[in-house]
>>> print(open('data06.tsv').read())   # TSV, C-alpha atoms and all ligand atoms
chain	number	residue	atom	x	y	z
A	293	MET	CA	-1.24	-59.66	64.62
A	294	SER	CA	-2.67	-57.50	67.39
A	295	GLU	CA	0.34	-57.47	69.70
A	296	ALA	CA	3.94	-58.46	69.05
A	297	ASN	CA	4.66	-62.00	70.25
A	298	GLU	CA	7.61	-61.52	72.59
A	299	SER	CA	9.10	-64.94	71.89
A	300	LYS	CA	9.53	-64.07	68.20
A	301	LYS	CA	12.13	-61.76	66.70
A	302	MET	CA	11.02	-58.48	65.14
A	303	ILE	CA	11.37	-57.66	61.47
A	304	PHE	CA	10.89	-54.27	59.84
A	305	SER	CA	11.18	-53.28	56.20
A	306	GLY	CA	9.76	-50.63	53.92
A	307	ILE	CA	9.45	-49.62	50.30
A	308	GLN	CA	8.96	-46.19	48.75
A	309	PRO	CA	5.81	-45.47	46.73
A	310	THR	CA	7.88	-43.92	43.94
A	311	GLY	CA	6.28	-46.12	41.27
A	312	VAL	CA	5.20	-49.66	40.53
A	313	PHE	CA	7.73	-52.01	42.14
A	314	THR	CA	10.41	-53.29	39.77
A	315	LEU	CA	11.59	-56.84	39.45
A	316	GLY	CA	14.62	-55.62	41.46
A	317	ASN	CA	12.45	-54.45	44.38
A	318	TYR	CA	10.54	-57.71	44.18
A	319	LEU	CA	13.39	-60.23	43.95
A	320	GLY	CA	15.76	-58.27	46.19
A	321	ALA	CA	13.26	-57.42	48.90
A	322	VAL	CA	9.46	-57.80	48.78
A	323	ARG	CA	9.33	-61.42	47.59
A	324	ASN	CA	11.30	-62.43	50.66
A	325	TRP	CA	8.99	-60.67	53.10
A	326	ALA	CA	5.96	-62.97	52.92
A	327	PRO	CA	7.78	-66.21	53.91
A	328	LEU	CA	9.02	-64.51	57.10
A	329	GLN	CA	5.54	-63.82	58.44
A	330	ASP	CA	5.07	-67.07	60.37
A	331	GLU	CA	8.45	-67.17	62.04
A	332	TYR	CA	8.78	-63.48	62.99
A	333	ASN	CA	6.75	-60.47	64.11
A	334	CYS	CA	6.77	-58.59	60.81
A	335	ILE	CA	6.13	-54.90	60.31
A	336	TYR	CA	6.08	-53.68	56.72
A	337	SER	CA	5.57	-50.11	55.58
A	338	ILE	CA	4.98	-48.02	52.50
A	339	VAL	CA	7.53	-45.35	53.34
A	340	ASP	CA	5.84	-42.33	51.77
A	341	MET	CA	7.82	-39.79	53.84
A	342	HIS	CA	11.02	-41.03	52.19
A	343	ALA	CA	9.46	-40.45	48.79
A	344	LEU	CA	9.04	-36.72	49.58
A	345	THR	CA	12.79	-36.34	48.98
A	346	VAL	CA	12.20	-36.28	45.20
A	347	LYS	CA	9.78	-34.00	43.32
A	348	ARG	CA	6.30	-35.41	42.71
A	349	ASP	CA	2.77	-34.44	41.81
A	350	PRO	CA	0.60	-34.70	45.00
A	351	ILE	CA	-2.39	-36.30	43.27
A	352	ALA	CA	-0.32	-38.93	41.47
A	353	PHE	CA	1.66	-39.50	44.67
A	354	ARG	CA	-1.47	-40.30	46.71
A	355	GLN	CA	-2.55	-42.77	44.04
A	356	LYS	CA	0.92	-44.40	43.90
A	357	THR	CA	0.90	-44.77	47.68
A	358	LEU	CA	-2.43	-46.58	47.63
A	359	GLU	CA	-1.30	-48.76	44.72
A	360	SER	CA	1.95	-49.60	46.50
A	361	TYR	CA	-0.01	-50.63	49.59
A	362	ALA	CA	-2.24	-52.89	47.47
A	363	LEU	CA	0.85	-54.29	45.76
A	364	LEU	CA	2.37	-55.30	49.10
A	365	LEU	CA	-0.78	-57.27	49.92
A	366	ALA	CA	-0.80	-58.75	46.40
A	367	CYS	CA	2.81	-59.88	47.00
A	368	GLY	CA	1.58	-62.02	49.88
A	369	ILE	CA	1.87	-59.70	52.87
A	370	ASP	CA	-1.06	-60.71	55.05
A	371	PRO	CA	-2.48	-57.94	57.29
A	372	GLU	CA	-3.72	-60.62	59.70
A	373	LYS	CA	-0.20	-61.94	60.23
A	374	SER	CA	1.84	-58.77	59.85
A	375	ILE	CA	1.48	-55.08	60.58
A	376	VAL	CA	1.21	-53.32	57.21
A	377	PHE	CA	0.88	-49.53	57.27
A	378	ILE	CA	1.71	-46.25	55.58
A	379	GLN	CA	4.65	-44.50	57.25
A	380	SER	CA	3.14	-40.99	57.46
A	381	HIS	CA	0.20	-42.44	59.45
A	382	ASN	CA	2.47	-43.16	62.40
A	383	PRO	CA	3.99	-39.99	63.94
A	384	SER	CA	6.66	-41.97	65.84
A	385	HIS	CA	8.88	-42.08	62.75
A	386	ALA	CA	9.12	-38.29	62.48
A	387	GLN	CA	9.56	-37.86	66.24
A	388	LEU	CA	12.40	-40.33	66.50
A	389	ASN	CA	13.92	-39.00	63.28
A	390	TRP	CA	14.69	-35.65	64.92
A	391	ILE	CA	16.16	-37.17	68.06
A	392	LEU	CA	18.37	-39.51	66.03
A	393	ALA	CA	19.41	-36.69	63.67
A	394	CYS	CA	20.98	-35.06	66.72
A	395	SER	CA	23.05	-38.24	67.22
A	396	THR	CA	24.21	-38.42	63.59
A	397	GLN	CA	27.26	-36.68	62.16
A	398	PHE	CA	27.30	-34.55	58.99
A	399	GLY	CA	30.39	-36.49	57.84
A	400	GLU	CA	28.59	-39.84	58.10
A	401	LEU	CA	25.68	-38.65	55.97
A	402	SER	CA	28.07	-37.11	53.43
A	403	ARG	CA	29.52	-40.54	52.72
A	404	MET	CA	26.21	-42.14	51.70
A	405	THR	CA	26.39	-43.24	48.06
A	406	GLN	CA	22.62	-42.97	47.52
A	407	PHE	CA	22.78	-39.27	48.47
A	408	LYS	CA	25.64	-38.71	46.04
A	409	ASP	CA	23.82	-40.58	43.23
A	410	LYS	CA	20.47	-38.91	43.78
A	411	SER	CA	21.96	-35.41	44.09
A	412	LYS	CA	23.67	-35.93	40.73
A	413	LYS	CA	20.40	-37.16	39.25
A	414	HIS	CA	18.36	-34.20	40.62
A	415	PRO	CA	20.88	-31.29	40.77
A	416	ASP	CA	18.01	-28.76	40.91
A	417	ASP	CA	16.60	-30.24	44.15
A	418	VAL	CA	19.32	-31.36	46.54
A	419	ASN	CA	17.07	-30.90	49.56
A	420	ALA	CA	17.90	-31.48	53.23
A	421	GLY	CA	15.52	-34.47	53.34
A	422	LEU	CA	17.56	-36.24	50.66
A	423	PHE	CA	20.64	-35.72	52.83
A	424	THR	CA	19.03	-36.91	56.07
A	425	TYR	CA	17.07	-39.78	54.44
A	426	PRO	CA	19.19	-42.44	56.22
A	427	VAL	CA	18.33	-40.96	59.65
A	428	LEU	CA	14.63	-41.39	58.93
A	429	MET	CA	15.37	-44.93	57.78
A	430	ALA	CA	17.19	-45.54	61.09
A	431	ALA	CA	14.12	-44.20	62.93
A	432	ASP	CA	11.84	-46.52	60.92
A	433	ILE	CA	13.81	-49.54	62.06
A	434	LEU	CA	14.82	-48.56	65.58
A	435	THR	CA	11.35	-47.40	66.66
A	436	TYR	CA	10.22	-51.05	66.53
A	437	ASN	CA	13.46	-52.43	67.98
A	438	ALA	CA	13.71	-54.58	64.84
A	439	ASP	CA	16.19	-57.45	65.03
A	440	LEU	CA	16.31	-58.06	61.27
A	441	VAL	CA	15.81	-55.86	58.23
A	442	PRO	CA	15.24	-57.63	54.90
A	443	ILE	CA	16.71	-55.37	52.19
A	444	GLY	CA	18.52	-55.43	48.85
A	445	GLN	CA	22.26	-54.82	48.62
A	446	ASP	CA	21.82	-51.10	47.80
A	447	GLN	CA	20.42	-50.40	51.29
A	448	LYS	CA	23.27	-52.09	53.19
A	449	GLN	CA	25.18	-48.85	53.72
A	450	HIS	CA	22.10	-47.17	55.21
A	451	LEU	CA	21.51	-50.13	57.50
A	452	GLU	CA	25.09	-49.93	58.72
A	453	LEU	CA	24.53	-46.28	59.56
A	454	ALA	CA	21.36	-47.23	61.49
A	455	ARG	CA	23.45	-49.72	63.47
A	456	ASN	CA	26.08	-47.06	64.25
A	457	ILE	CA	23.40	-44.60	65.38
A	458	ALA	CA	21.87	-47.25	67.67
A	459	VAL	CA	25.21	-48.19	69.20
A	460	ARG	CA	26.17	-44.54	69.77
A	461	PHE	CA	22.81	-43.72	71.38
A	462	ASN	CA	23.02	-46.78	73.63
A	463	GLN	CA	26.54	-45.82	74.75
A	464	ARG	CA	25.50	-42.26	75.50
A	465	PHE	CA	22.08	-42.79	77.10
A	466	GLY	CA	22.05	-46.45	78.21
A	467	GLU	CA	20.75	-49.60	76.45
A	468	THR	CA	17.71	-48.44	74.48
A	469	PHE	CA	17.81	-49.82	70.95
A	470	VAL	CA	18.28	-53.28	69.54
A	471	VAL	CA	21.15	-53.11	67.03
A	472	PRO	CA	19.53	-54.47	63.83
A	473	GLU	CA	21.05	-56.97	61.40
A	474	PRO	CA	20.60	-56.81	57.62
A	475	TYR	CA	18.86	-59.77	55.98
A	476	ILE	CA	20.06	-59.82	52.37
A	477	PRO	CA	19.14	-62.66	49.95
A	478	LYS	CA	22.02	-64.74	48.54
A	479	VAL	CA	20.67	-64.45	44.97
A	480	GLY	CA	18.80	-61.42	43.64
A	481	ALA	CA	20.05	-58.77	46.08
A	482	ALA	CA	21.30	-56.55	43.27
A	483	ILE	CA	19.21	-56.84	40.10
A	484	LYS	CA	20.63	-54.65	37.34
A	485	SER	CA	19.06	-52.41	34.69
A	486	LEU	CA	18.19	-54.26	31.48
A	487	GLN	CA	19.60	-51.37	29.45
A	488	ASP	CA	22.78	-50.77	31.48
A	489	PRO	CA	23.68	-53.87	33.48
A	490	THR	CA	26.38	-52.00	35.42
A	491	LYS	CA	23.61	-49.92	37.10
A	492	LYS	CA	20.90	-51.14	39.49
A	493	MET	CA	17.35	-51.58	38.25
A	494	SER	CA	15.45	-48.64	39.74
A	495	LYS	CA	11.75	-47.69	39.80
A	496	SER	CA	12.54	-44.11	38.91
A	497	ASP	CA	14.69	-44.93	35.87
A	498	ASP	CA	13.67	-42.64	33.00
A	499	ASN	CA	13.98	-45.46	30.47
A	500	PRO	CA	10.99	-47.85	30.85
A	501	ASN	CA	12.91	-50.56	28.96
A	502	ALA	CA	15.50	-50.60	31.76
A	503	CYS	CA	13.01	-52.06	34.25
A	504	VAL	CA	10.48	-54.80	34.41
A	505	TYR	CA	7.60	-53.55	36.55
A	506	ILE	CA	5.73	-56.24	38.39
A	507	LEU	CA	2.44	-55.13	36.83
A	508	ASP	CA	3.75	-55.28	33.23
A	509	ASP	CA	1.80	-57.70	31.03
A	510	LYS	CA	3.38	-60.80	29.53
A	511	ASP	CA	4.07	-59.32	26.07
A	512	THR	CA	5.71	-56.24	27.57
A	513	ILE	CA	7.88	-58.34	29.86
A	514	ILE	CA	9.05	-60.59	27.02
A	515	ARG	CA	9.72	-57.58	24.78
A	516	LYS	CA	11.84	-55.92	27.49
A	517	PHE	CA	13.92	-59.07	27.98
A	518	LYS	CA	14.38	-59.50	24.21
A	519	ARG	CA	15.80	-55.94	24.13
A	520	ALA	CA	18.01	-56.46	27.19
A	521	VAL	CA	21.60	-55.32	26.60
A	522	THR	CA	24.05	-58.26	26.58
A	523	ASP	CA	27.55	-58.84	25.16
A	524	SER	CA	28.58	-60.01	21.70
A	525	ASP	CA	29.23	-63.61	22.88
A	526	THR	CA	26.51	-66.26	22.35
A	527	VAL	CA	27.17	-68.76	25.16
A	528	VAL	CA	24.88	-68.62	28.20
A	529	LYS	CA	27.52	-68.73	30.92
A	530	PHE	CA	27.98	-66.87	34.21
A	531	ALA	CA	31.39	-65.17	33.93
A	532	ASP	CA	33.34	-61.96	34.64
A	533	GLY	CA	32.64	-59.22	32.12
A	534	LYS	CA	29.25	-60.66	31.08
A	535	ASP	CA	27.18	-58.28	33.23
A	536	GLY	CA	24.06	-58.46	31.06
A	537	ILE	CA	23.95	-62.27	30.88
A	538	ASN	CA	24.93	-62.60	34.54
A	539	ASN	CA	21.95	-60.40	35.42
A	540	LEU	CA	19.52	-62.42	33.27
A	541	MET	CA	20.87	-65.68	34.73
A	542	THR	CA	20.41	-64.29	38.25
A	543	ILE	CA	16.81	-63.34	37.46
A	544	TYR	CA	16.12	-66.76	35.90
A	545	SER	CA	17.70	-68.49	38.89
A	546	CYS	CA	15.56	-66.50	41.36
A	547	VAL	CA	12.36	-67.27	39.49
A	548	THR	CA	12.96	-70.96	38.66
A	549	GLY	CA	15.14	-71.97	41.62
A	550	LYS	CA	17.73	-73.41	39.18
A	551	THR	CA	21.44	-73.09	39.88
A	552	MET	CA	23.82	-71.35	37.46
A	553	ASP	CA	25.22	-74.76	36.39
A	554	GLU	CA	21.73	-76.05	35.64
A	555	ILE	CA	20.96	-72.93	33.61
A	556	GLU	CA	24.21	-73.27	31.61
A	557	SER	CA	23.34	-76.91	30.77
A	558	GLU	CA	19.73	-76.06	29.87
A	559	PHE	CA	20.87	-73.48	27.30
A	560	ALA	CA	24.01	-75.25	26.04
A	561	GLY	CA	24.03	-74.99	22.23
A	562	LYS	CA	21.21	-72.41	22.24
A	563	GLY	CA	21.77	-68.69	21.68
A	564	TYR	CA	20.94	-65.60	23.75
A	565	GLY	CA	17.64	-65.19	21.84
A	566	ASP	CA	16.14	-68.43	23.21
A	567	PHE	CA	17.44	-67.68	26.67
A	568	LYS	CA	15.96	-64.17	26.77
A	569	ILE	CA	12.52	-65.51	25.78
A	570	ALA	CA	12.70	-68.21	28.47
A	571	VAL	CA	13.62	-65.61	31.11
A	572	GLY	CA	10.75	-63.36	29.96
A	573	GLU	CA	8.21	-66.18	30.04
A	574	SER	CA	9.21	-67.48	33.45
A	575	VAL	CA	9.16	-63.97	34.95
A	576	ALA	CA	5.78	-63.13	33.38
A	577	ASP	CA	4.23	-66.38	34.61
A	578	SER	CA	5.54	-65.92	38.14
A	579	LEU	CA	4.17	-62.34	38.30
A	580	LYS	CA	0.71	-63.11	36.88
A	581	PRO	CA	-0.95	-63.99	40.24
A	582	ILE	CA	0.31	-60.69	41.68
A	583	ARG	CA	-1.25	-58.70	38.81
A	584	ASP	CA	-4.56	-60.49	39.28
A	585	ASP	CA	-4.61	-59.97	43.02
A	586	PHE	CA	-3.60	-56.33	42.67
A	587	ASN	CA	-6.57	-55.63	40.37
A	588	ARG	CA	-8.92	-57.33	42.81
A	589	LEU	CA	-7.58	-55.33	45.78
A	590	MET	CA	-7.71	-51.98	43.97
A	591	SER	CA	-11.40	-52.51	43.33
A	592	ASP	CA	-12.02	-52.74	47.10
A	593	LYS	CA	-10.79	-49.40	48.48
A	594	ALA	CA	-12.82	-49.81	51.70
A	595	TYR	CA	-10.89	-52.98	52.55
A	596	LEU	CA	-7.57	-51.29	51.82
A	597	LYS	CA	-8.52	-48.37	54.06
A	598	GLU	CA	-9.49	-50.67	56.89
A	599	CYS	CA	-6.16	-52.52	56.57
A	600	TYR	CA	-3.93	-49.46	56.53
A	601	THR	CA	-5.87	-47.71	59.30
A	602	GLN	CA	-5.58	-50.71	61.62
A	603	GLY	CA	-1.99	-51.24	60.55
A	604	ALA	CA	-1.05	-47.70	61.59
A	605	GLN	CA	-2.80	-48.07	64.97
A	606	ARG	CA	-0.97	-51.30	65.71
A	607	ALA	CA	2.34	-49.86	64.59
A	608	PHE	CA	1.86	-46.80	66.81
A	609	ARG	CA	1.09	-48.94	69.87
A	610	ILE	CA	4.50	-50.56	69.53
A	611	SER	CA	6.58	-47.57	68.44
A	612	ASN	CA	5.13	-45.09	70.91
A	613	LYS	CA	6.46	-47.12	73.85
A	614	LEU	CA	9.95	-46.76	72.49
A	615	VAL	CA	9.58	-43.07	71.64
A	616	THR	CA	8.41	-42.45	75.23
A	617	LYS	CA	11.45	-44.31	76.58
A	618	VAL	CA	13.81	-42.42	74.27
A	619	SER	CA	12.22	-39.09	75.23
A	620	ARG	CA	12.96	-39.82	78.89
A	621	ARG	CA	16.49	-40.94	78.11
A	622	VAL	CA	17.36	-37.71	76.27
A	623	GLY	CA	15.88	-35.60	79.08
A	624	PHE	CA	12.54	-34.34	77.74
A	625	VAL	CA	10.08	-33.40	80.52
A	626	ASP	CA	7.50	-36.15	81.02
A	627	VAL	CA	4.01	-35.01	80.01
A	628	ARG	CA	2.13	-37.49	82.19
B	701	LIG	N1	17.80	-53.42	41.74
B	701	LIG	C1	17.52	-53.94	42.93
B	701	LIG	N2	17.89	-55.21	43.23
B	701	LIG	C2	17.60	-55.75	44.45
B	701	LIG	N3	16.94	-55.07	45.43
B	701	LIG	C3	16.56	-53.81	45.18
B	701	LIG	N4	15.91	-52.88	45.90
B	701	LIG	C4	15.79	-51.75	45.17
B	701	LIG	N5	16.33	-51.91	43.96
B	701	LIG	C5	16.83	-53.18	43.92
B	701	LIG	C6	15.40	-53.11	47.25
B	701	LIG	O1	14.01	-52.80	47.25
B	701	LIG	C7	13.64	-52.33	48.56
B	701	LIG	C8	12.77	-51.12	48.45
B	701	LIG	O2	13.52	-50.06	47.86
B	701	LIG	P1	13.02	-48.57	47.99
B	701	LIG	O3	11.86	-48.34	47.13
B	701	LIG	O4	12.77	-48.23	49.41
B	701	LIG	O5	14.25	-47.68	47.54
B	701	LIG	P2	15.38	-47.91	46.52
B	701	LIG	O6	16.37	-48.88	47.06
B	701	LIG	O7	15.92	-46.53	46.19
B	701	LIG	O8	14.64	-48.56	45.25
B	701	LIG	P3	14.47	-47.97	43.80
B	701	LIG	O9	13.67	-48.94	43.00
B	701	LIG	O10	15.80	-47.58	43.23
B	701	LIG	O11	13.58	-46.69	44.04
B	701	LIG	P4	13.82	-45.21	43.56
B	701	LIG	O12	14.01	-45.28	42.06
B	701	LIG	O13	12.61	-44.48	43.96
B	701	LIG	O14	15.04	-44.70	44.27
B	701	LIG	C9	14.95	-52.08	49.32
B	701	LIG	O15	15.15	-53.13	50.24
B	701	LIG	C10	16.00	-52.12	48.25
B	701	LIG	O16	17.24	-52.59	48.73
>>> encode(input="data06.tsv", output="structure tokens", more="lines below")
Ligand code: AQP
Amino acid sequence: MSEANESKKMIFSGIQPTGVFTLGNYLGAVRNWAPLQDEYNCIYSIVDMHALTVKRDPIAFRQKTLESYALLLACGIDPEKSIVFIQSHNPSHAQLNWILACSTQFGELSRMTQFKDKSKKHPDDVNAGLFTYPVLMAADILTYNADLVPIGQDQKQHLELARNIAVRFNQRFGETFVVPEPYIPKVGAAIKSLQDPTKKMSKSDDNPNACVYILDDKDTIIRKFKRAVTDSDTVVKFADGKDGINNLMTIYSCVTGKTMDEIESEFAGKGYGDFKIAVGESVADSLKPIRDDFNRLMSDKAYLKECYTQGAQRAFRISNKLVTKVSRRVGFVDVR
């Protein structure tokens, strides 16, 4: 995609290079990105600037960013159809971030649950970036005038804040931003930890058994599902209070396309053991092509570099128009 096709709506989404994507990231977000590429102008980003909000080793971080980029392509994002780039390669995000920060209230940011959760998790590093993370996310989206943002449930609150920032800016300075809509899948938007099914599955979970990573091999995936925490019942049924089984049924439904009723019938008279193995096998089989493609892409660094370099140039061509417009609106002196 060299230029955005004006008759198509614009989509933006991003993912942090904080580790190999989990099954949660995949089912809740990334898996849904590829099918949108024909109908929309899609812009997808590895949002490395967001990942600076937690401590990391620079060398490992650079590697994770490259791997995350390759993973996006392996998940079916096609750099010919979509713009795929690394966030820090496009300066528009940081520029707009500051302008939008000056249109965002301290009280609004204080209410963000992700900030509260992450500050509890990293009490020794409650940095300003962690607090203003949602403003940068608003800049990511608004700088492309995205109409739709495909995300998992956990990002809904941040998206609502982005909408409020856009509306407030438009009221104060005149129509500038499209007010974006969330695009959240009906099934799979909130995949839970396999070890604590009341918590979301998260890349940065300290317990590797809590997450299935999309590059895990088949044996590892099956072992993690076998160890998944469930209740003391034995009937495979979607019901209140059965968080562990509900989560496994949701995963199985996403991967096989079966409804909850169909899953209940399939496992009627069978125990949790059989069900867990079936979930593990279906997940491992569905992820195998991604693992293969990832390995192929990582062995061709020159191709990856060409893709992310062109992606950043294309992204900048679109975002810079908006940043220029916003700069005029807020009263910066025109440089040209
Ligand atoms: N458990 C989940 N179920 C469904 N969707 C999820 N997403 C994340 N976890 C789940 C969606 O994945 C996209 C990319 O997320 P992100 O990496 O930008 O940040 P995150 O939401 O903070 O994801 P993690 O895995 O929890 O990362 P860490 O551990 O680094 O904080 C988003 O659309 C998100 O909704």
>>> closest_atom_pairs(input="data06.tsv", of="chain A", to="ligand LIG 701 (chain B)", cutoff="7 Å", atoms="all atoms listed in the file", output="Markdown table")
| residue | atom | partner | partner_atom | distance |
| --- | --- | --- | --- | --- |
| A:Gly306 | CA | B:LIG701 | O4 | 5.9 |
| A:Ile307 | CA | B:LIG701 | O4 | 3.7 |
| A:Gln308 | CA | B:LIG701 | O3 | 4.0 |
| A:Pro309 | CA | B:LIG701 | O3 | 6.7 |
| A:Thr310 | CA | B:LIG701 | O13 | 4.8 |
| A:Phe313 | CA | B:LIG701 | O9 | 6.7 |
| A:Thr314 | CA | B:LIG701 | O9 | 6.3 |
| A:Gly316 | CA | B:LIG701 | C1 | 3.7 |
| A:Asn317 | CA | B:LIG701 | O1 | 3.7 |
| A:Tyr318 | CA | B:LIG701 | O1 | 6.8 |
| A:Leu319 | CA | B:LIG701 | C2 | 6.2 |
| A:Gly320 | CA | B:LIG701 | N3 | 3.5 |
| A:Ala321 | CA | B:LIG701 | O15 | 4.9 |
| A:Val322 | CA | B:LIG701 | C7 | 6.9 |
| A:Pro442 | CA | B:LIG701 | O15 | 6.5 |
| A:Ile443 | CA | B:LIG701 | O15 | 3.4 |
| A:Gly444 | CA | B:LIG701 | O16 | 3.1 |
| A:Gln445 | CA | B:LIG701 | O16 | 5.5 |
| A:Asp446 | CA | B:LIG701 | O16 | 4.9 |
| A:Gln447 | CA | B:LIG701 | O16 | 4.6 |
| A:Gly480 | CA | B:LIG701 | C2 | 5.9 |
| A:Ala481 | CA | B:LIG701 | C2 | 4.2 |
| A:Ala482 | CA | B:LIG701 | N2 | 3.7 |
| A:Ile483 | CA | B:LIG701 | N2 | 3.8 |
| A:Lys484 | CA | B:LIG701 | N1 | 5.4 |
| A:Lys492 | CA | B:LIG701 | N1 | 4.5 |
| A:Met493 | CA | B:LIG701 | N1 | 4.0 |
| A:Ser494 | CA | B:LIG701 | O10 | 3.7 |
| A:Lys495 | CA | B:LIG701 | O9 | 3.9 |
| A:Ser496 | CA | B:LIG701 | O12 | 3.7 |
| A:Asp497 | CA | B:LIG701 | O12 | 6.2 |
>>> write_last_selection(input="data06.tsv", atoms="C-alpha atoms", output="compact mmCIF listing (two decimals), in the coordinates of the input")
# COMPACT_ATOMS: atom_id res chain seq x y z
CA GLY A 306 9.76 -50.63 53.92
CA ILE A 307 9.45 -49.62 50.30
CA GLN A 308 8.96 -46.19 48.75
CA PRO A 309 5.81 -45.47 46.73
CA THR A 310 7.88 -43.92 43.94
CA PHE A 313 7.73 -52.01 42.14
CA THR A 314 10.41 -53.29 39.77
CA GLY A 316 14.62 -55.62 41.46
CA ASN A 317 12.45 -54.45 44.38
CA TYR A 318 10.54 -57.71 44.18
CA LEU A 319 13.39 -60.23 43.95
CA GLY A 320 15.76 -58.27 46.19
CA ALA A 321 13.26 -57.42 48.90
CA VAL A 322 9.46 -57.80 48.78
CA PRO A 442 15.24 -57.63 54.90
CA ILE A 443 16.71 -55.37 52.19
CA GLY A 444 18.52 -55.43 48.85
CA GLN A 445 22.26 -54.82 48.62
CA ASP A 446 21.82 -51.10 47.80
CA GLN A 447 20.42 -50.40 51.29
CA GLY A 480 18.80 -61.42 43.64
CA ALA A 481 20.05 -58.77 46.08
CA ALA A 482 21.30 -56.55 43.27
CA ILE A 483 19.21 -56.84 40.10
CA LYS A 484 20.63 -54.65 37.34
CA LYS A 492 20.90 -51.14 39.49
CA MET A 493 17.35 -51.58 38.25
CA SER A 494 15.45 -48.64 39.74
CA LYS A 495 11.75 -47.69 39.80
CA SER A 496 12.54 -44.11 38.91
CA ASP A 497 14.69 -44.93 35.87
>>> atom_distance(input="data06.tsv", atom1="atom CA of A:Asp511", atom2="atom CA of A:Asp523")
23.5 Å
>>> closest_residue(input="data06.tsv", among="A:Trp390, A:Phe586, A:Phe398, A:Tyr564", to="A:Met429", atoms="only C-alpha atoms")
A:Trp390
>>> closest_residue(input="data06.tsv", among="A:Phe567, A:Tyr475, A:Tyr505, A:Tyr595", to="A:Lys529", atoms="all atoms listed in the file")
A:Phe567
>>> closest_atom_pairs(input="data06.tsv", of="stretch 519-614 of chain A", to="stretch 373-381 of chain A", cutoff="8 Å", atoms="only C-alpha atoms", output="CSV")
residue,atom,partner,partner_atom,distance
A:Cys599,CA,A:Val376,CA,7.4
A:Tyr600,CA,A:Phe377,CA,4.9
A:Thr601,CA,A:Phe377,CA,7.3
A:Gln602,CA,A:Phe377,CA,7.9
A:Gly603,CA,A:Phe377,CA,4.7
A:Ala604,CA,A:Phe377,CA,5.1
A:Arg606,CA,A:Ile375,CA,6.8
A:Ala607,CA,A:Ile375,CA,6.6
>>> closest_residue(input="data06.tsv", among="A:Asp566, A:Asp409, A:Glu558, A:Asp532", to="A:Lys491", atoms="all atoms listed in the file")
A:Asp409
>>> atom_distance(input="data06.tsv", atom1="atom CA of A:Gly466", atom2="atom CA of A:Ile433")
18.4 Å
>>> closest_residue(input="data06.tsv", among="A:Ala438, A:Leu365, A:Ala386, A:Val339", to="A:Arg588", atoms="all atoms listed in the file")
A:Leu365
>>> residues_near_point(input="data06.tsv", point="(18.2, -37.3, 44.2)", cutoff="9 Å", atoms="all atoms listed in the file", output="JSON, numbers by chain")
{"A": [345, 346, 406, 407, 408, 409, 410, 411, 412, 413, 414, 415, 417, 418, 419, 422]}
>>> write_last_selection(input="data06.tsv", atoms="C-alpha atoms", output="mmCIF file, in the frame of the given file")
data_model
loop_
_atom_site.group_PDB
_atom_site.id
_atom_site.type_symbol
_atom_site.label_atom_id
_atom_site.label_comp_id
_atom_site.auth_asym_id
_atom_site.auth_seq_id
_atom_site.Cartn_x
_atom_site.Cartn_y
_atom_site.Cartn_z
ATOM 1 C CA THR A 345 12.790 -36.340 48.980
ATOM 2 C CA VAL A 346 12.200 -36.280 45.200
ATOM 3 C CA GLN A 406 22.620 -42.970 47.520
ATOM 4 C CA PHE A 407 22.780 -39.270 48.470
ATOM 5 C CA LYS A 408 25.640 -38.710 46.040
ATOM 6 C CA ASP A 409 23.820 -40.580 43.230
ATOM 7 C CA LYS A 410 20.470 -38.910 43.780
ATOM 8 C CA SER A 411 21.960 -35.410 44.090
ATOM 9 C CA LYS A 412 23.670 -35.930 40.730
ATOM 10 C CA LYS A 413 20.400 -37.160 39.250
ATOM 11 C CA HIS A 414 18.360 -34.200 40.620
ATOM 12 C CA PRO A 415 20.880 -31.290 40.770
ATOM 13 C CA ASP A 417 16.600 -30.240 44.150
ATOM 14 C CA VAL A 418 19.320 -31.360 46.540
ATOM 15 C CA ASN A 419 17.070 -30.900 49.560
ATOM 16 C CA LEU A 422 17.560 -36.240 50.660
#
>>> atom_distance(input="data06.tsv", atom1="atom CA of A:Leu392", atom2="atom CA of A:Arg354")
27.7 Å
>>> residues_near_point(input="data06.tsv", point="(3.0, -61.5, 61.2)", cutoff="10 Å", atoms="all atoms listed in the file", output="list in words")
Met293, Ser294, Glu295, Ala296, Asn297, Lys300, Met302, Ile303, Ala326, Pro327, Leu328, Gln329, Asp330, Glu331, Tyr332, Asn333, Cys334, Ile335, Tyr336, Ile369, Asp370, Pro371, Glu372, Lys373, Ser374, Ile375 and Val376 of chain A
>>> residues_around(input="data06.tsv", residues="A:Val615", least_positions_apart="5", cutoff="8 Å", atoms="all atoms listed in the file", output="list in words")
Ser384, Gln387, Leu388 and Thr435 of chain A
>>> closest_residue(input="data06.tsv", among="A:Phe423, A:Lys617, A:Glu400, A:Leu589", to="A:Tyr361", atoms="all atoms listed in the file")
A:Leu589
>>> residues_around(input="data06.tsv", residues="A:Asn389", least_positions_apart="4", cutoff="7 Å", atoms="all atoms listed in the file", output="list in words")
His385, Ala393, Val427, Leu428 and Ala431 of chain A
